[in-house]
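To keep things clear, I will list the structure first and then write my remarks on it.
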Amino acid sequence: MLSIITRYIVILFLSLYLIFSLLNRIGKNSESEPRSFVTWMSIASHSGHETENFQHSISLLPTSDPNNTSVGSAFFTSFIITSLSLLLIWLIVTLLNTLLIRSPRVVTSVATLINNTLELLSGLHVLVYGLILYIIFGVDVNSLVIMLVIGVGSNIYFDLSSEQRLFLDAILEKDYVLNARATGDSVLKHIFRPVGVFTIAQLLGSWPTVLTNAIFIEIIFQRYGIGSLLYQNIFAPGRKDMLPEVDILMYVSGIVIVSILLVSLLKEFFMLRLRNDR
């Protein structure tokens, strides 16, 4: 486990350094002195960076300054919508797969139809759904619909559903499960731990992709979060005569990379537990 943690720390610093090296070449005023990565990190640790165009402060945490740009606050909002979207889709997947395993024929037929439809719809990228909804409804779209789009698009639903179904089919054929059935013992008691570990690992593995979906949706519908923050400070049409806010982009890149690596590290931990259980 120590070697895995070391690997992720190295990946983190290499990623941040490469992004800094790239971004430091663009957008800065020609009169500005070049900065080293260590200097940038030192200033960032004290929330000392300011926006290029208006000299507003940039920080990870919210401050009392009304002009402050809080990257951490925007990320927290994206984190919440990402997690809720993933949890919603997982609940739908689990319900349908449960109905597919042990239900009357009529219920199984309905569950199969719904599952196949959602898996088919899942093949479209979240941008397609976002643009369709934007054209029809504008930015006034229900939050539940937003979460469904984030969780279904870009093959998220298909991956969750097919992986969970394969895992359940495999574990229900294990000798200890068959023995529990034969003796009248509780099957749930025997599969609860491996199913729980698998579920956590699966959700953690899907989280980065769902976060990407959430960022796209935030850009399209201008919902507060990382996506709208990037759009307003980097890509907005009214900014064509302004310098891109490189420091904000660096903050966003850093916090997203850190979150994805932490989630991936947790997934590695639970996958090790799952392999040990088998």
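Just so we're on the same page: first chain in the structure tokens is A, next is B, and so on; residues restart at 1 for each chain, and ligands are numbered from 1 in the order they show up.
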
Rows by chain and residue number, region 191-255 of chain A within 12 Å of region 92-113 of chain A, shortest pair, only C-alpha atoms, as a Markdown table:
```
| residue | atom | partner | partner_atom | distance |
| --- | --- | --- | --- | --- |
| A:Val195 | CA | A:Thr94 | CA | 11.3 |
| A:Thr199 | CA | A:Thr94 | CA | 9.9 |
| A:Leu203 | CA | A:Val93 | CA | 11.8 |
```

Within 8 Å of region 147-160 of chain A, counting only C-alpha atoms, which residues show up once you throw out same-chain ones fewer than 5 positions away? Write them as a list in words, please.
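Once the adjacent positions are removed, what remains is Ile81, Thr82, Leu84, Ser85, Leu86, Leu88, Ile89, Trp90, Val93, Leu118, Glu119, Leu120, Leu121, Ser122, Gly123, Leu124, His125, Val126, Tyr129, Gly130, Gln202, Ser206, Thr209, Val210, Asn213, Ala214 and Ile217 of chain A.
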
How would the residues just chosen look if you wrote them out with C-alpha atoms as a JSON list (two decimals), in the first residue's frame?
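Writing the result to out.json gives the following:
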```
[["chain", "number", "residue", "atom", "x", "y", "z"],
["A", 81, "ILE", "CA", -23.77, 17.44, -7.46],
["A", 82, "THR", "CA", -21.32, 14.77, -8.69],
["A", 84, "LEU", "CA", -25.60, 12.95, -5.63],
["A", 85, "SER", "CA", -25.78, 12.14, -9.35],
["A", 86, "LEU", "CA", -23.62, 9.04, -8.90],
["A", 88, "LEU", "CA", -28.93, 8.38, -7.75],
["A", 89, "ILE", "CA", -27.80, 6.33, -10.74],
["A", 90, "TRP", "CA", -26.34, 3.62, -8.51],
["A", 93, "VAL", "CA", -28.92, 0.36, -11.25],
["A", 118, "LEU", "CA", -31.13, 3.33, -20.10],
["A", 119, "GLU", "CA", -28.06, 1.41, -21.30],
["A", 120, "LEU", "CA", -28.83, 2.49, -24.85],
["A", 121, "LEU", "CA", -29.29, 6.13, -23.83],
["A", 122, "SER", "CA", -26.08, 5.92, -21.82],
["A", 123, "GLY", "CA", -24.11, 5.60, -25.06],
["A", 124, "LEU", "CA", -24.58, 9.29, -25.84],
["A", 125, "HIS", "CA", -22.12, 11.83, -24.44],
["A", 126, "VAL", "CA", -23.41, 14.12, -21.69],
["A", 129, "TYR", "CA", -28.04, 15.64, -23.64],
["A", 130, "GLY", "CA", -26.99, 18.98, -22.22],
["A", 202, "GLN", "CA", -17.15, 0.80, -8.27],
["A", 206, "SER", "CA", -16.85, 6.08, -11.68],
["A", 209, "THR", "CA", -16.03, 10.54, -15.10],
["A", 210, "VAL", "CA", -19.18, 11.77, -13.35],
["A", 213, "ASN", "CA", -19.96, 15.25, -16.79],
["A", 214, "ALA", "CA", -20.93, 17.66, -14.02],
["A", 217, "ILE", "CA", -23.34, 20.51, -17.49]]
```

Smallest atom-to-atom distance to Ala44 (chain A): which of A:Gly227, A:Pro62, A:Gly254, A:Gly138, using only C-alpha atoms?
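Ranking A:Gly227, A:Pro62, A:Gly254, A:Gly138 by distance to Ala44 (chain A), first place goes to A:Gly254.
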
Do you know which residues are at most 10 Å from Leu133 (chain A) counting only C-alpha atoms, after dropping those on the same chain fewer than 4 positions away, and could you put them as a list in words?
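The contact residues come out as Leu127, Val128, Tyr129, Phe137, Gly138, Val139, Asp140, Val141, Val145, Ile146, Val149, Ile220 and Phe221 of chain A.
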
Take the residues from that selection and put them in a file with N, CA and C atoms, as a PDB file, in the first residue's frame.
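Contents of part16.pdb, as written:
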```pdb
ATOM      1  N   LEU A 127     -22.631  15.867 -23.228  1.00  0.00           N
ATOM      2  CA  LEU A 127     -22.759  17.133 -23.962  1.00  0.00           C
ATOM      3  C   LEU A 127     -23.979  17.123 -24.880  1.00  0.00           C
ATOM      4  N   VAL A 128     -24.259  15.978 -25.485  1.00  0.00           N
ATOM      5  CA  VAL A 128     -25.412  15.870 -26.389  1.00  0.00           C
ATOM      6  C   VAL A 128     -26.698  16.111 -25.606  1.00  0.00           C
ATOM      7  N   TYR A 129     -26.842  15.441 -24.471  1.00  0.00           N
ATOM      8  CA  TYR A 129     -28.042  15.640 -23.644  1.00  0.00           C
ATOM      9  C   TYR A 129     -28.132  17.069 -23.137  1.00  0.00           C
ATOM     10  N   PHE A 137     -35.289  23.808 -23.198  1.00  0.00           N
ATOM     11  CA  PHE A 137     -35.733  24.454 -21.961  1.00  0.00           C
ATOM     12  C   PHE A 137     -34.907  25.669 -21.558  1.00  0.00           C
ATOM     13  N   GLY A 138     -33.796  25.939 -22.243  1.00  0.00           N
ATOM     14  CA  GLY A 138     -32.925  27.009 -21.788  1.00  0.00           C
ATOM     15  C   GLY A 138     -32.171  26.563 -20.543  1.00  0.00           C
ATOM     16  N   VAL A 139     -31.888  27.515 -19.650  1.00  0.00           N
ATOM     17  CA  VAL A 139     -31.125  27.174 -18.443  1.00  0.00           C
ATOM     18  C   VAL A 139     -32.030  26.732 -17.299  1.00  0.00           C
ATOM     19  N   ASP A 140     -33.343  26.853 -17.467  1.00  0.00           N
ATOM     20  CA  ASP A 140     -34.285  26.511 -16.405  1.00  0.00           C
ATOM     21  C   ASP A 140     -34.653  25.026 -16.477  1.00  0.00           C
ATOM     22  N   VAL A 141     -33.745  24.185 -15.973  1.00  0.00           N
ATOM     23  CA  VAL A 141     -33.942  22.736 -15.994  1.00  0.00           C
ATOM     24  C   VAL A 141     -33.938  22.228 -14.554  1.00  0.00           C
ATOM     25  N   VAL A 145     -33.470  16.329 -13.084  1.00  0.00           N
ATOM     26  CA  VAL A 145     -33.162  16.021 -14.482  1.00  0.00           C
ATOM     27  C   VAL A 145     -31.666  16.210 -14.732  1.00  0.00           C
ATOM     28  N   ILE A 146     -31.109  17.277 -14.166  1.00  0.00           N
ATOM     29  CA  ILE A 146     -29.676  17.543 -14.306  1.00  0.00           C
ATOM     30  C   ILE A 146     -28.863  16.375 -13.757  1.00  0.00           C
ATOM     31  N   VAL A 149     -29.078  13.304 -16.058  1.00  0.00           N
ATOM     32  CA  VAL A 149     -28.253  13.485 -17.257  1.00  0.00           C
ATOM     33  C   VAL A 149     -26.781  13.276 -16.924  1.00  0.00           C
ATOM     34  N   ILE A 220     -22.746  24.431 -19.562  1.00  0.00           N
ATOM     35  CA  ILE A 220     -23.897  24.616 -20.447  1.00  0.00           C
ATOM     36  C   ILE A 220     -25.012  25.399 -19.762  1.00  0.00           C
ATOM     37  N   PHE A 221     -25.343  25.025 -18.520  1.00  0.00           N
ATOM     38  CA  PHE A 221     -26.474  25.647 -17.826  1.00  0.00           C
ATOM     39  C   PHE A 221     -26.055  26.734 -16.840  1.00  0.00           C
TER      40      PHE A 221
END
```

Just asking: which residues within region 39-234 of chain A are strand (DSSP E) according to DSSP, as a PyMOL selection string?
chain A and resi 58-59+69-70

Produce a file of the selected residues containing C-alpha atoms, as a PDB file, in the first residue's frame.
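After the write, selection_26.pdb holds the following:
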```
ATOM      1  CA  ILE A  58      -8.130  34.069  -5.378  1.00  0.00           C
ATOM      2  CA  SER A  59      -8.428  31.548  -2.557  1.00  0.00           C
ATOM      3  CA  THR A  69     -12.917  34.130  -6.145  1.00  0.00           C
ATOM      4  CA  SER A  70     -13.258  31.005  -4.004  1.00  0.00           C
TER       5      SER A  70
END
```

Just give me the gap between CA of Ser161 (chain A) and CA of Ala201 (chain A) in Å, one decimal is fine.
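CA of Ala201 (chain A) lies at a distance of 14.1 Å from CA of Ser161 (chain A).
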
So which one's closest to Glu245 (chain A), A:Arg7, A:Arg181, A:Arg273, A:His49? Using only C-alpha atoms, please.
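Smallest distance to Glu245 (chain A) is found for A:His49.
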
When you draw a straight line from CA of Phe216 (chain A) to CA of Leu60 (chain A), how long is it in Å?
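Taking CA of Phe216 (chain A) as the start and CA of Leu60 (chain A) as the end point, the length is 21.4 Å.
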
Atom-to-atom span, CA of Arg223 (chain A) and CA of Ile43 (chain A), Å:
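The value is 29.1 Å.
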
Between A:Asn67, A:Glu218, A:Val10, A:Phe269, which one has atoms that come closest to Tyr231 (chain A), using only C-alpha atoms?
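Among the listed residues, A:Glu218 lies closest to Tyr231 (chain A).
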
Using backbone DSSP assignments, extract all helix (DSSP H, G or I) residues from region 50-146 of chain A; output them as a ChimeraX atom specification.
/A:71-101,105-121,126-137,143-146
